[in-house]
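Asker: Sharing data20.csv (CSV, C-alpha atoms) below.
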chain,number,residue,atom,x,y,z
A,251,MET,CA,94.2,-53.9,-211.6
A,252,ASP,CA,91.5,-51.3,-211.5
A,253,VAL,CA,88.9,-54.0,-210.7
A,254,VAL,CA,90.9,-55.0,-207.6
A,255,LEU,CA,91.3,-51.4,-206.5
A,256,TRP,CA,87.6,-50.8,-206.9
A,257,LEU,CA,86.7,-53.9,-204.9
A,258,LEU,CA,89.0,-52.7,-202.1
A,259,ILE,CA,87.4,-49.3,-202.2
A,260,ILE,CA,84.0,-50.8,-202.0
A,261,VAL,CA,85.1,-53.1,-199.2
A,262,CYS,CA,86.4,-50.1,-197.3
A,263,PHE,CA,83.0,-48.3,-197.7
A,264,VAL,CA,81.1,-51.4,-196.5
A,265,LEU,CA,83.5,-51.8,-193.5
A,266,SER,CA,82.8,-48.2,-192.5
A,267,PHE,CA,79.1,-49.2,-192.0
A,268,VAL,CA,80.2,-52.3,-190.1
A,269,GLY,CA,82.1,-49.9,-187.9
A,270,VAL,CA,78.8,-48.4,-186.7
A,271,ILE,CA,78.0,-51.7,-185.0
A,272,PHE,CA,81.5,-52.7,-184.1
A,273,PRO,CA,83.3,-49.6,-182.9
A,274,TRP,CA,86.7,-51.3,-183.0
A,275,ILE,CA,86.5,-50.9,-186.8
A,276,PRO,CA,87.3,-47.2,-187.2
A,277,SER,CA,84.7,-46.0,-189.7
A,278,PRO,CA,86.4,-42.7,-190.6
A,279,LEU,CA,89.7,-44.5,-191.2
A,280,VAL,CA,88.4,-47.1,-193.5
A,281,LEU,CA,86.4,-44.4,-195.5
A,282,TRP,CA,89.7,-42.5,-195.9
A,283,ILE,CA,91.6,-45.6,-197.0
A,284,GLY,CA,89.0,-46.0,-199.7
A,285,PHE,CA,89.4,-42.3,-200.8
A,286,LEU,CA,93.1,-42.5,-200.7
A,287,LEU,CA,93.2,-45.8,-202.7
A,288,TYR,CA,91.3,-44.0,-205.4
A,289,PHE,CA,93.5,-40.8,-205.1
A,290,PHE,CA,96.8,-42.6,-205.3
A,291,PHE,CA,96.1,-45.5,-207.6
A,292,ILE,CA,93.3,-44.6,-209.9
A,293,ASN,CA,92.8,-40.9,-210.6
A,294,GLY,CA,93.7,-38.4,-207.9
A,295,ALA,CA,93.2,-35.4,-210.1
A,296,SER,CA,89.4,-35.9,-210.2
A,297,LEU,CA,89.1,-35.1,-206.4
A,298,SER,CA,89.3,-31.4,-205.8
A,299,TRP,CA,90.5,-29.5,-202.8
A,300,VAL,CA,86.8,-28.7,-202.0
A,301,PHE,CA,86.2,-32.5,-201.8
A,302,TRP,CA,89.1,-33.0,-199.4
A,303,ILE,CA,88.2,-30.0,-197.1
A,304,ALA,CA,84.6,-31.3,-197.0
A,305,MET,CA,85.7,-34.8,-196.1
A,306,ILE,CA,87.9,-33.4,-193.3
A,307,LEU,CA,85.0,-31.4,-191.9
A,308,LEU,CA,82.6,-34.3,-192.3
A,309,THR,CA,85.1,-36.7,-190.6
A,310,VAL,CA,85.3,-34.4,-187.6
A,311,VAL,CA,81.5,-34.3,-187.4
A,312,LEU,CA,81.5,-38.1,-187.8
A,313,ILE,CA,83.8,-38.6,-184.9
A,314,VAL,CA,82.2,-35.9,-182.7
A,315,SER,CA,78.6,-37.0,-183.4
A,316,ASP,CA,78.9,-40.2,-181.4
A,317,ILE,CA,80.3,-38.4,-178.4
A,318,ILE,CA,77.7,-35.6,-178.6
A,319,ALA,CA,74.7,-37.9,-179.0
A,320,ASN,CA,75.8,-40.1,-176.1
A,321,SER,CA,76.5,-37.2,-173.8
A,322,TYR,CA,73.3,-35.4,-174.8
A,323,PHE,CA,70.9,-38.3,-174.2
A,324,VAL,CA,72.5,-39.5,-171.0
A,325,LYS,CA,72.3,-35.9,-169.6
A,326,LYS,CA,68.8,-35.4,-171.0
A,327,TYR,CA,67.6,-38.5,-169.2
A,328,GLY,CA,69.1,-37.5,-165.9
A,329,GLY,CA,72.4,-39.4,-166.0
A,330,SER,CA,75.4,-38.4,-164.0
A,331,LYS,CA,78.9,-37.6,-165.4
A,332,TRP,CA,79.9,-41.0,-164.3
A,333,GLY,CA,77.0,-42.5,-166.2
A,334,GLU,CA,78.2,-40.6,-169.4
A,335,ARG,CA,81.8,-41.8,-169.0
A,336,ILE,CA,80.8,-45.4,-168.3
A,337,ALA,CA,78.4,-45.4,-171.3
A,338,ALA,CA,81.3,-44.5,-173.6
A,339,VAL,CA,83.6,-47.2,-172.2
A,340,ALA,CA,80.8,-49.7,-172.2
A,341,VAL,CA,80.1,-49.2,-175.9
A,342,ILE,CA,83.7,-50.2,-176.6
A,343,ILE,CA,83.6,-53.2,-174.2
A,344,GLY,CA,80.2,-54.2,-175.5
A,345,SER,CA,81.5,-54.5,-179.0
A,346,PHE,CA,83.7,-57.3,-177.9
A,347,VAL,CA,81.4,-59.0,-175.4
A,348,ILE,CA,78.3,-60.2,-177.4
A,349,PRO,CA,78.7,-58.6,-180.8
A,350,PRO,CA,76.7,-56.9,-182.1
A,351,PHE,CA,74.2,-57.0,-179.2
A,352,GLY,CA,76.7,-56.2,-176.6
A,353,ILE,CA,77.1,-52.7,-177.9
A,354,ILE,CA,73.5,-52.0,-176.8
A,355,ILE,CA,73.2,-54.3,-173.7
A,356,VAL,CA,76.5,-53.6,-172.0
A,357,PRO,CA,76.2,-49.8,-171.9
A,358,PHE,CA,72.6,-50.0,-170.8
A,359,VAL,CA,73.5,-52.4,-167.9
A,360,ALA,CA,76.7,-50.5,-167.0
A,361,VAL,CA,74.9,-47.1,-166.8
A,362,LEU,CA,72.1,-48.7,-164.8
A,363,LEU,CA,74.5,-50.2,-162.3
A,364,VAL,CA,76.6,-47.0,-162.0
A,365,GLU,CA,73.6,-44.9,-161.4
A,366,LEU,CA,72.3,-47.3,-158.8
A,367,MET,CA,75.7,-47.4,-157.1
A,368,GLN,CA,75.4,-43.6,-156.8
A,369,LYS,CA,72.3,-44.1,-154.6
A,370,ARG,CA,69.9,-42.9,-157.3
A,371,SER,CA,66.4,-44.3,-157.5
A,372,THR,CA,65.7,-47.3,-159.6
A,373,GLN,CA,63.5,-45.2,-161.9
A,374,ASP,CA,66.2,-42.5,-162.4
A,375,SER,CA,68.8,-45.1,-163.0
A,376,ILE,CA,66.6,-46.8,-165.7
A,377,ARG,CA,66.0,-43.4,-167.3
A,378,ALA,CA,69.7,-42.8,-167.5
A,379,ALA,CA,70.3,-46.2,-168.9
A,380,ILE,CA,67.6,-45.6,-171.6
A,381,GLY,CA,69.4,-42.3,-172.3
A,382,SER,CA,72.6,-44.3,-173.0
A,383,LEU,CA,70.6,-46.5,-175.4
A,384,LEU,CA,69.1,-43.6,-177.2
A,385,GLY,CA,72.5,-41.9,-177.3
A,386,PHE,CA,74.0,-44.9,-179.0
A,387,LEU,CA,71.1,-45.2,-181.5
A,388,GLY,CA,71.2,-41.4,-182.2
A,389,GLY,CA,75.0,-41.5,-182.7
A,390,ALA,CA,74.7,-44.5,-184.9
A,391,PHE,CA,72.0,-42.9,-187.0
A,392,ALA,CA,74.1,-39.8,-187.4
A,393,LYS,CA,77.1,-41.8,-188.4
A,394,VAL,CA,75.2,-43.7,-191.1
A,395,ILE,CA,73.8,-40.5,-192.6
A,396,ILE,CA,77.2,-38.7,-192.5
A,397,GLN,CA,78.9,-41.7,-194.1
A,398,ILE,CA,76.3,-42.0,-196.8
A,399,ILE,CA,76.9,-38.3,-197.6
A,400,MET,CA,80.6,-38.8,-197.7
A,401,ILE,CA,80.4,-41.8,-200.0
A,402,VAL,CA,77.8,-40.2,-202.3
A,403,TRP,CA,79.9,-37.1,-202.5
A,404,PHE,CA,82.9,-39.2,-203.4
A,405,PHE,CA,81.0,-40.9,-206.3
A,406,ILE,CA,79.7,-37.5,-207.5
A,407,ALA,CA,83.2,-36.1,-207.4
A,408,ILE,CA,84.7,-38.9,-209.5
Using C-alpha coordinates, write down the structure that the file contains.
Answerer:
Amino acid sequence: MDVVLWLLIIVCFVLSFVGVIFPWIPSPLVLWIGFLLYFFFINGASLSWVFWIAMILLTVVLIVSDIIANSYFVKKYGGSKWGERIAAVAVIIGSFVIPPFGIIIVPFVAVLLVELMQKRSTQDSIRAAIGSLLGFLGGAFAKVIIQIIMIVWFFIAI
(Lines of atoms letter the chains of each structure in order from A and count residues from 1; the text may use other names and numbers.)
(Lines give C-alpha, C1' and ligand atoms only; values in the text may rest on other atoms or scores of the structure.)
Protein backbone atom coordinates (compact mmCIF):
# COMPACT_ATOMS: atom_id res chain seq x y z
CA MET A 1 0.00 0.00 0.00
CA ASP A 2 2.85 2.38 0.81
CA VAL A 3 4.32 1.87 -2.66
CA VAL A 4 1.04 2.93 -4.28
CA LEU A 5 0.81 5.99 -2.03
CA TRP A 6 4.39 6.98 -2.82
CA LEU A 7 3.69 6.59 -6.53
CA LEU A 8 0.65 8.86 -6.19
CA ILE A 9 2.70 11.43 -4.27
CA ILE A 10 5.40 11.41 -6.94
CA VAL A 11 2.77 11.68 -9.69
CA CYS A 12 1.35 14.73 -7.89
CA PHE A 13 4.78 16.33 -7.73
CA VAL A 14 5.41 15.66 -11.43
CA LEU A 15 1.97 17.02 -12.34
CA SER A 16 2.78 20.22 -10.46
CA PHE A 17 5.58 20.84 -12.98
CA VAL A 18 3.29 19.94 -15.89
CA GLY A 19 1.00 22.65 -14.51
CA VAL A 20 3.66 25.25 -15.29
CA ILE A 21 3.12 24.58 -19.00
CA PHE A 22 -0.59 23.71 -18.80
CA PRO A 23 -2.15 26.21 -16.36
CA TRP A 24 -5.42 24.28 -16.22
CA ILE A 25 -3.51 21.81 -14.02
CA PRO A 26 -3.41 23.63 -10.68
CA SER A 27 0.21 23.21 -9.57
CA PRO A 28 -0.32 24.30 -5.95
CA LEU A 29 -3.32 21.99 -5.56
CA VAL A 30 -1.55 18.88 -6.84
CA LEU A 31 1.46 19.66 -4.64
CA TRP A 32 -0.85 19.88 -1.65
CA ILE A 33 -2.58 16.63 -2.60
CA GLY A 34 0.85 14.97 -2.47
CA PHE A 35 1.59 16.48 0.94
CA LEU A 36 -1.81 15.51 2.30
CA LEU A 37 -1.57 11.94 0.98
CA TYR A 38 1.61 11.56 2.99
CA PHE A 39 0.14 13.30 6.04
CA PHE A 40 -3.08 11.27 6.21
CA PHE A 41 -1.95 7.89 4.94
CA ILE A 42 1.75 7.45 5.68
CA ASN A 43 3.13 9.48 8.60
CA GLY A 44 1.56 12.83 9.38
CA ALA A 45 3.52 13.23 12.58
CA SER A 46 6.78 13.80 10.71
CA LEU A 47 5.52 17.06 9.17
CA SER A 48 5.82 19.88 11.70
CA TRP A 49 3.77 23.02 12.02
CA VAL A 50 6.78 24.94 10.67
CA PHE A 51 6.55 22.85 7.48
CA TRP A 52 2.83 23.58 7.08
CA ILE A 53 3.20 27.32 7.67
CA ALA A 54 6.12 27.45 5.22
CA MET A 55 4.07 25.55 2.62
CA ILE A 56 1.14 27.95 3.04
CA LEU A 57 3.43 30.96 2.58
CA LEU A 58 5.22 29.40 -0.39
CA THR A 59 1.86 28.50 -1.95
CA VAL A 60 0.77 32.14 -1.74
CA VAL A 61 4.06 33.21 -3.32
CA LEU A 62 3.64 30.50 -5.97
CA ILE A 63 0.20 31.78 -6.94
CA VAL A 64 1.11 35.46 -6.82
CA SER A 65 4.44 35.09 -8.66
CA ASP A 66 2.74 34.42 -11.96
CA ILE A 67 0.50 37.45 -11.69
CA ILE A 68 3.30 39.72 -10.52
CA ALA A 69 5.74 38.60 -13.22
CA ASN A 70 3.20 39.00 -16.01
CA SER A 71 2.05 42.40 -14.80
CA TYR A 72 5.61 43.62 -14.19
CA PHE A 73 6.94 42.70 -17.63
CA VAL A 74 3.94 43.95 -19.60
CA LYS A 75 4.17 47.28 -17.74
CA LYS A 76 7.95 47.42 -18.05
CA TYR A 77 7.70 46.97 -21.80
CA GLY A 78 5.05 49.68 -22.16
CA GLY A 79 1.88 47.61 -22.25
CA SER A 80 -1.50 49.00 -21.28
CA LYS A 81 -3.81 47.77 -18.53
CA TRP A 82 -5.83 46.04 -21.23
CA GLY A 83 -2.67 44.38 -22.48
CA GLU A 84 -1.99 43.04 -18.97
CA ARG A 85 -5.52 41.70 -18.59
CA ILE A 86 -5.61 40.13 -22.03
CA ALA A 87 -2.23 38.48 -21.44
CA ALA A 88 -3.59 36.78 -18.30
CA VAL A 89 -6.69 35.51 -20.10
CA ALA A 90 -4.70 34.51 -23.19
CA VAL A 91 -2.38 32.31 -21.11
CA ILE A 92 -5.36 30.26 -20.01
CA ILE A 93 -6.88 30.11 -23.49
CA GLY A 94 -3.49 29.32 -25.01
CA SER A 95 -3.07 26.28 -22.82
CA PHE A 96 -6.06 24.75 -24.62
CA VAL A 97 -5.39 25.99 -28.15
CA ILE A 98 -2.03 24.56 -29.23
CA PRO A 99 -0.62 22.97 -26.09
CA PRO A 100 2.07 23.59 -24.98
CA PHE A 101 3.02 26.25 -27.55
CA GLY A 102 -0.28 28.10 -27.31
CA ILE A 103 0.61 29.31 -23.85
CA ILE A 104 3.41 31.37 -25.44
CA ILE A 105 1.94 32.20 -28.86
CA VAL A 106 -1.64 33.14 -27.89
CA PRO A 107 -0.72 35.75 -25.23
CA PHE A 108 1.91 37.25 -27.52
CA VAL A 109 -0.55 37.63 -30.41
CA ALA A 110 -3.41 38.74 -28.13
CA VAL A 111 -1.36 41.50 -26.49
CA LEU A 112 -0.02 42.59 -29.87
CA LEU A 113 -3.54 42.89 -31.28
CA VAL A 114 -4.96 44.64 -28.21
CA GLU A 115 -2.17 47.18 -28.21
CA LEU A 116 -2.58 47.78 -31.97
CA MET A 117 -6.36 48.20 -31.51
CA GLN A 118 -5.60 50.93 -28.98
CA LYS A 119 -3.85 52.87 -31.75
CA ARG A 120 -0.37 52.28 -30.40
CA SER A 121 2.55 52.10 -32.77
CA THR A 122 3.60 48.74 -34.15
CA GLN A 123 6.91 48.99 -32.32
CA ASP A 124 5.22 49.75 -28.96
CA SER A 125 2.74 46.93 -29.52
CA ILE A 126 5.50 44.44 -30.27
CA ARG A 127 7.39 45.58 -27.16
CA ALA A 128 4.30 44.99 -25.00
CA ALA A 129 3.81 41.56 -26.60
CA ILE A 130 7.43 40.70 -25.86
CA GLY A 131 6.76 41.85 -22.30
CA SER A 132 3.91 39.33 -22.03
CA LEU A 133 6.25 36.61 -23.28
CA LEU A 134 8.94 37.56 -20.77
CA GLY A 135 6.29 37.76 -18.05
CA PHE A 136 5.17 34.22 -18.77
CA LEU A 137 8.74 32.93 -18.85
CA GLY A 138 9.64 34.81 -15.66
CA GLY A 139 6.55 33.52 -13.87
CA ALA A 140 7.18 29.98 -15.07
CA PHE A 141 10.79 30.13 -13.89
CA ALA A 142 9.70 31.43 -10.47
CA LYS A 143 7.05 28.69 -10.21
CA VAL A 144 9.55 25.96 -10.98
CA ILE A 145 12.02 27.27 -8.39
CA ILE A 146 9.34 27.62 -5.70
CA GLN A 147 7.95 24.15 -6.43
CA ILE A 148 11.44 22.64 -6.22
CA ILE A 149 11.92 24.35 -2.85
CA MET A 150 8.58 23.00 -1.62
CA ILE A 151 9.28 19.44 -2.76
CA VAL A 152 12.84 19.40 -1.42
CA TRP A 153 11.59 20.78 1.89
CA PHE A 154 8.98 18.03 2.00
CA PHE A 155 11.61 15.32 1.53
CA ILE A 156 13.90 16.92 4.11
CA ALA A 157 10.98 17.12 6.59
CA ILE A 158 10.09 13.45 6.23
Asker: From the list A:Ile353, A:Ile259, A:Leu363, A:Val402, which residue is nearest A:Leu387 when using all atoms listed in the file?
Answerer: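 When distances to A:Leu387 are compared using all atoms listed in the file, the smallest one comes from A:Ile353.
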Asker: Go through A:Cys262, A:Met305, A:Ser382, A:Lys369 and flag the residue nearest A:Arg335, using all atoms listed in the file for the distances.
Answerer: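 So, comparing all the options, the nearest one is A:Ser382.
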Asker: Measuring atom to atom with only C-alpha atoms, identify which of A:Phe263, A:Ala378, A:Val253, A:Gly329 is nearest to A:Ile275.
Answerer: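 Looking only at the distances to A:Ile275, the closest residue turns out to be A:Phe263.
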Asker: Between A:Phe358, A:Trp256, A:Phe346, A:Phe386, which has the minimum distance to A:Ile292 (counting all atoms listed in the file)?
Answerer: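 Between A:Phe358, A:Trp256, A:Phe346, A:Phe386, the residue approaching A:Ile292 most closely is A:Trp256.
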Asker: Measuring atom to atom with all atoms listed in the file, identify which of A:Ile283, A:Ala392, A:Ile406, A:Ile401 is nearest to A:Val314.
Answerer: A:Ala392
Asker: At what distance in Å, to one decimal, does atom CA of A:Pro276 lie from atom CA of A:Phe301?
Answerer: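 Answer for the atom CA of A:Phe301 to atom CA of A:Pro276 separation: 20.7 Å.
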Asker: Give me, please, the distance in Å between atom CA of A:Ala390 and atom CA of A:Ala304, quoted to one decimal.
Answerer: 20.5 Å
Asker: One decimal, in Å: what's the spacing between atom CA of A:Val361 and atom CA of A:Gly328?
Answerer: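 Separation of atom CA of A:Val361 and atom CA of A:Gly328: 11.3 Å.
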Asker: If you count only C-alpha atoms, which residues fall within 10 Å of A:Gly344, apart from same-chain ones fewer than 3 positions away, as a list in words?
Answerer: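 So the residues in contact are Phe272, Pro273, Ala337, Ala338, Val339, Ala340, Val341, Val347, Ile348, Pro349, Pro350, Phe351, Gly352, Ile353, Ile354, Ile355, Val356, Pro357, Phe358 and Ala360 of chain A.
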Asker: Just need the box for stretch 390-407 of chain A, edges along x, y and z, holding every atom the file lists for it with 8 Å tacked onto each side, so centre and edge lengths in Å to one decimal, as AutoDock Vina command-line options.
Answerer:
--center_x 77.6 --center_y -40.3 --center_z -196.2 --size_x 27.2 --size_y 24.4 --size_z 38.6
Asker: Please determine, counting all atoms listed in the file, which residue among A:Trp332, A:Phe285, A:Phe391, A:Phe291 has the shortest atom-to-atom distance to A:Met251.
Answerer: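 Smallest separation from A:Met251 among the options: A:Phe291.
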Asker: Pull out stretch 275-309 of chain A, keep N, CA and C atoms, and write it as a CSV table (one decimal), in the first residue's frame.
Answerer:
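Dumped everything to decode33.csv:
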chain,number,residue,atom,x,y,z
A,275,ILE,N,-3.9,22.7,-15.1
A,275,ILE,CA,-3.5,21.8,-14.0
A,275,ILE,C,-3.0,22.7,-12.9
A,276,PRO,N,-3.8,22.7,-11.8
A,276,PRO,CA,-3.4,23.6,-10.7
A,276,PRO,C,-2.2,23.1,-9.9
A,277,SER,N,-1.0,23.7,-10.2
A,277,SER,CA,0.2,23.2,-9.6
A,277,SER,C,0.2,23.2,-8.0
A,278,PRO,N,-0.3,24.3,-7.4
A,278,PRO,CA,-0.3,24.3,-5.9
A,278,PRO,C,-1.2,23.2,-5.4
A,279,LEU,N,-2.4,23.0,-6.0
A,279,LEU,CA,-3.3,22.0,-5.6
A,279,LEU,C,-2.7,20.6,-5.6
A,280,VAL,N,-2.1,20.2,-6.7
A,280,VAL,CA,-1.5,18.9,-6.8
A,280,VAL,C,-0.4,18.7,-5.9
A,281,LEU,N,0.4,19.8,-5.7
A,281,LEU,CA,1.5,19.7,-4.6
A,281,LEU,C,0.9,19.3,-3.3
A,282,TRP,N,-0.2,20.1,-2.9
A,282,TRP,CA,-0.8,19.9,-1.6
A,282,TRP,C,-1.5,18.5,-1.5
A,283,ILE,N,-2.0,18.0,-2.6
A,283,ILE,CA,-2.6,16.6,-2.6
A,283,ILE,C,-1.5,15.6,-2.2
A,284,GLY,N,-0.3,15.8,-2.8
A,284,GLY,CA,0.8,15.0,-2.5
A,284,GLY,C,1.2,15.1,-1.0
A,285,PHE,N,1.3,16.3,-0.5
A,285,PHE,CA,1.6,16.5,0.9
A,285,PHE,C,0.5,15.8,1.8
A,286,LEU,N,-0.7,16.0,1.5
A,286,LEU,CA,-1.8,15.5,2.3
A,286,LEU,C,-1.9,14.0,2.2
A,287,LEU,N,-1.6,13.4,1.1
A,287,LEU,CA,-1.6,11.9,1.0
A,287,LEU,C,-0.6,11.4,2.0
A,288,TYR,N,0.6,12.0,2.0
A,288,TYR,CA,1.6,11.6,3.0
A,288,TYR,C,1.1,11.8,4.4
A,289,PHE,N,0.6,13.0,4.7
A,289,PHE,CA,0.1,13.3,6.0
A,289,PHE,C,-0.9,12.3,6.5
A,290,PHE,N,-1.9,12.1,5.7
A,290,PHE,CA,-3.1,11.3,6.2
A,290,PHE,C,-2.9,9.8,6.1
A,291,PHE,N,-2.0,9.3,5.2
A,291,PHE,CA,-2.0,7.9,4.9
A,291,PHE,C,-0.6,7.2,5.2
A,292,ILE,N,0.4,8.1,5.4
A,292,ILE,CA,1.7,7.4,5.7
A,292,ILE,C,2.2,7.8,7.1
A,293,ASN,N,2.6,9.1,7.3
A,293,ASN,CA,3.1,9.5,8.6
A,293,ASN,C,3.0,11.0,8.8
A,294,GLY,N,1.8,11.4,9.2
A,294,GLY,CA,1.6,12.8,9.4
A,294,GLY,C,2.4,13.5,10.5
A,295,ALA,N,2.8,12.7,11.4
A,295,ALA,CA,3.5,13.2,12.6
A,295,ALA,C,4.9,13.8,12.2
A,296,SER,N,5.4,13.3,11.1
A,296,SER,CA,6.8,13.8,10.7
A,296,SER,C,6.8,15.2,10.1
A,297,LEU,N,5.6,15.7,9.7
A,297,LEU,CA,5.5,17.1,9.2
A,297,LEU,C,5.1,18.0,10.3
A,298,SER,N,6.0,18.9,10.6
A,298,SER,CA,5.8,19.9,11.7
A,298,SER,C,4.9,21.1,11.3
A,299,TRP,N,4.6,21.8,12.3
A,299,TRP,CA,3.8,23.0,12.0
A,299,TRP,C,4.6,24.0,11.2
A,300,VAL,N,5.9,24.0,11.4
A,300,VAL,CA,6.8,24.9,10.7
A,300,VAL,C,6.7,24.6,9.2
A,301,PHE,N,6.7,23.3,8.9
A,301,PHE,CA,6.5,22.9,7.5
A,301,PHE,C,5.2,23.4,6.9
A,302,TRP,N,4.1,23.2,7.6
A,302,TRP,CA,2.8,23.6,7.1
A,302,TRP,C,2.7,25.1,6.9
A,303,ILE,N,3.2,25.9,7.8
A,303,ILE,CA,3.2,27.3,7.7
A,303,ILE,C,4.1,27.7,6.5
A,304,ALA,N,5.2,27.1,6.4
A,304,ALA,CA,6.1,27.5,5.2
A,304,ALA,C,5.4,27.1,3.9
A,305,MET,N,4.7,26.0,3.9
A,305,MET,CA,4.1,25.6,2.6
A,305,MET,C,2.9,26.5,2.3
A,306,ILE,N,2.2,27.0,3.3
A,306,ILE,CA,1.1,27.9,3.0
A,306,ILE,C,1.7,29.2,2.5
A,307,LEU,N,2.8,29.7,3.1
A,307,LEU,CA,3.4,31.0,2.6
A,307,LEU,C,4.0,30.8,1.2
A,308,LEU,N,4.7,29.7,0.9
A,308,LEU,CA,5.2,29.4,-0.4
A,308,LEU,C,4.1,29.2,-1.4
A,309,THR,N,3.0,28.7,-1.0
A,309,THR,CA,1.9,28.5,-2.0
A,309,THR,C,1.3,29.9,-2.4
